[in-house]
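The next block holds one structure in the form of structure tokens; read it before the comments.
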Amino acid sequence: MRVDYYLYLSAVLFTIGAVGVLVRRNAIVVFMCIELMLNAVNLSLVTFARMDGNLDGQIIAFFVMVVAAAEVVIGLAIIMSIFRSRRSASVDNANLLKY
Amino acid sequence: MTPLALTVVAAASSSSGAPATLHEAVLFWLLAPIAVGAAIGMVLARSAVHAAVLLAVVMLSLAAFYTAENAPFLAVVQVVVYTGAVLMLFLFVLMLIGVDSTDSLMETLHGQRFAATVIGLGFAVLLVAALAGALGSFHPRGVGGAEAGKGNVTAIAEQLFSRYVFAFEATSALLITAGLGAMVLAHREPLQARRTQQERMRERTARGGGEMAPLPGPGVYADHDAVDTPALLPDGSIAPASVAEHLQISRAKPHVDVAEREIGNPR
């Protein structure tokens, strides 16, 4: 087994997450797919650290996790406030900016 | 011992972990299909709770990959922060919003799903091809050299508090801002001012009738002070208001009057 298999796995997971963002309508599931993409990128960062022989990749993955935590908090609060005003978590219903 | 077995043992005993060992290969080929399957299931799952559980499977297998890649600190953070905190936050919001808020199956844009799948497949092919072209041949060095025998956590901490200290401080500001933002976004202004106890008392007095003072507590002057024992009035009769209506199963008199018993056998 070669180390770069992790990178291929990461690419596949990222693609699945991206397709999920495009296909799903429920805002929370879309958000989960974004988390999946972030996780896939973290996996490739850790693998890059191993290939390059320094710890920078691991530290950047750590920062990605911190930023993802902050992003989840804000995103879920936005989803909740949209749900409160529209009684729906579907991304199709939030279309006021469309026109 | 065959040469193959010798190389396997040599690879397994190399402590820096730069080349992938047999253990790692077994771990990878066990968990990678599980992770990919769970990710696909997450996209296809009808219920959002199922999607969350499948995402937990993906995250936990990624944590296992981190341990295999000499990143034990990140593996622990992955389990604690991602699977423990972030995903539980997802589940909380899912329960608040309502589990049964199903996905609308109607396609707003015609053929969007098909197009998204095709684009996704093309993207995957591009990524994998670019990776295969860029990687070619390389020799992974492993992070053992960077750790310099100090261990993963210590080495990461040294880098984090020296080279990356400004980024670290910036994330602290970011986290505080995010907490504040969540409070502002989730805050709901009350539609009308909250009624105080004084106002409610005034209303009750103006309405008249009923009890002005609190109702008598159960068991006052009676033998027991259980909630289903009615209070006794000073003349020995039962105060019916002292027991909640649904507790008044039988209208039996409380057993013995305390006053009577004291008279009967004085100490």
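Chains: A, B, ... in order of the structure tokens. Residues: from 1 per chain. Ligands: from 1, in order shown.
In chain B, the set of residues within 6 Å of chain A (atoms considered: only C-alpha atoms) is B:Ala25, B:Val43, B:Asp103, B:Arg113, B:Gly120, B:Ala124, B:Pro140, B:Arg141, B:Gly142, B:Val143, B:Ala146, B:Leu175, B:Ala178, B:Ala182, B:Leu185, B:Ala186.
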Atoms to include: N, CA and C atoms. Write the selected residues as a PDB file, in the first residue's frame.
```
ATOM      1  N   ALA B  25      -1.975  -0.997   5.915  1.00  0.00           N
ATOM      2  CA  ALA B  25      -2.707  -1.405   4.712  1.00  0.00           C
ATOM      3  C   ALA B  25      -3.998  -2.113   5.088  1.00  0.00           C
ATOM      4  N   VAL B  43     -25.341  10.937   1.597  1.00  0.00           N
ATOM      5  CA  VAL B  43     -25.949  11.753   0.549  1.00  0.00           C
ATOM      6  C   VAL B  43     -27.316  11.183   0.157  1.00  0.00           C
ATOM      7  N   ASP B 103     -37.211  16.023   3.244  1.00  0.00           N
ATOM      8  CA  ASP B 103     -36.687  16.695   2.071  1.00  0.00           C
ATOM      9  C   ASP B 103     -37.774  16.760   1.006  1.00  0.00           C
ATOM     10  N   ARG B 113     -30.427  17.070 -10.553  1.00  0.00           N
ATOM     11  CA  ARG B 113     -29.748  15.956  -9.888  1.00  0.00           C
ATOM     12  C   ARG B 113     -28.825  15.218 -10.838  1.00  0.00           C
ATOM     13  N   GLY B 120     -20.189  15.804 -10.653  1.00  0.00           N
ATOM     14  CA  GLY B 120     -19.418  15.221  -9.562  1.00  0.00           C
ATOM     15  C   GLY B 120     -18.484  14.129 -10.048  1.00  0.00           C
ATOM     16  N   ALA B 124     -14.454  14.096  -9.872  1.00  0.00           N
ATOM     17  CA  ALA B 124     -13.659  13.036  -9.234  1.00  0.00           C
ATOM     18  C   ALA B 124     -12.593  12.534 -10.193  1.00  0.00           C
ATOM     19  N   PRO B 140       7.722   9.074   0.809  1.00  0.00           N
ATOM     20  CA  PRO B 140       7.198   9.770   1.980  1.00  0.00           C
ATOM     21  C   PRO B 140       8.228   9.788   3.094  1.00  0.00           C
ATOM     22  N   ARG B 141       8.399  10.965   3.699  1.00  0.00           N
ATOM     23  CA  ARG B 141       9.450  11.074   4.711  1.00  0.00           C
ATOM     24  C   ARG B 141       8.942  10.763   6.102  1.00  0.00           C
ATOM     25  N   GLY B 142       7.642  10.927   6.335  1.00  0.00           N
ATOM     26  CA  GLY B 142       7.129  10.673   7.686  1.00  0.00           C
ATOM     27  C   GLY B 142       7.429  11.832   8.597  1.00  0.00           C
ATOM     28  N   VAL B 143       6.574  11.998   9.609  1.00  0.00           N
ATOM     29  CA  VAL B 143       6.743  13.159  10.483  1.00  0.00           C
ATOM     30  C   VAL B 143       7.685  12.875  11.631  1.00  0.00           C
ATOM     31  N   ALA B 146      10.382  15.532  12.009  1.00  0.00           N
ATOM     32  CA  ALA B 146       9.922  16.833  12.494  1.00  0.00           C
ATOM     33  C   ALA B 146       9.626  16.791  13.974  1.00  0.00           C
ATOM     34  N   LEU B 175     -13.419  32.455  17.572  1.00  0.00           N
ATOM     35  CA  LEU B 175     -14.353  31.639  18.358  1.00  0.00           C
ATOM     36  C   LEU B 175     -15.259  32.516  19.204  1.00  0.00           C
ATOM     37  N   ALA B 178     -17.778  34.034  16.981  1.00  0.00           N
ATOM     38  CA  ALA B 178     -18.783  33.051  16.571  1.00  0.00           C
ATOM     39  C   ALA B 178     -19.794  32.804  17.677  1.00  0.00           C
ATOM     40  N   ALA B 182     -23.706  33.597  17.320  1.00  0.00           N
ATOM     41  CA  ALA B 182     -24.748  32.590  17.509  1.00  0.00           C
ATOM     42  C   ALA B 182     -25.793  33.086  18.496  1.00  0.00           C
ATOM     43  N   LEU B 185     -27.921  35.649  16.665  1.00  0.00           N
ATOM     44  CA  LEU B 185     -28.786  35.063  15.636  1.00  0.00           C
ATOM     45  C   LEU B 185     -29.901  34.230  16.245  1.00  0.00           C
ATOM     46  N   ALA B 186     -29.583  33.515  17.326  1.00  0.00           N
ATOM     47  CA  ALA B 186     -30.594  32.622  17.898  1.00  0.00           C
ATOM     48  C   ALA B 186     -31.496  33.341  18.883  1.00  0.00           C
TER      49      ALA B 186
END
```
TODO: Please identify which residues in segment 34-179 of chain B DSSP calls helix (DSSP H, G or I) from the backbone, and express them as a VMD selection string.
DONE: chain B and resid 34 to 44 48 to 68 72 to 97 112 to 135 144 to 147 152 to 160 165 to 179
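Between atom CA of Asn70 of chain B and atom CA of Ile156 of chain B there is a distance of 12.0 Å.
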Task: For Glu211 of chain B, the nearest of the candidates B:Asp225, B:Val184, B:Ser242, B:Gly122, counting only C-alpha atoms - done: B:Ser242
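Here atom CA of Met37 of chain A stands at a distance of 26.1 Å from atom CA of Phe166 of chain B.
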Task: atom CA of Thr196 of chain B to atom CA of Leu180 of chain B, straight-line distance in Å - done: 28.7 Å
- [ ] Could you find all residues in segment 22-252 of chain B that DSSP calls strand (DSSP E or B) from the backbone, and write them as a ChimeraX atom specification?
- [x] /B:231-232,238-239
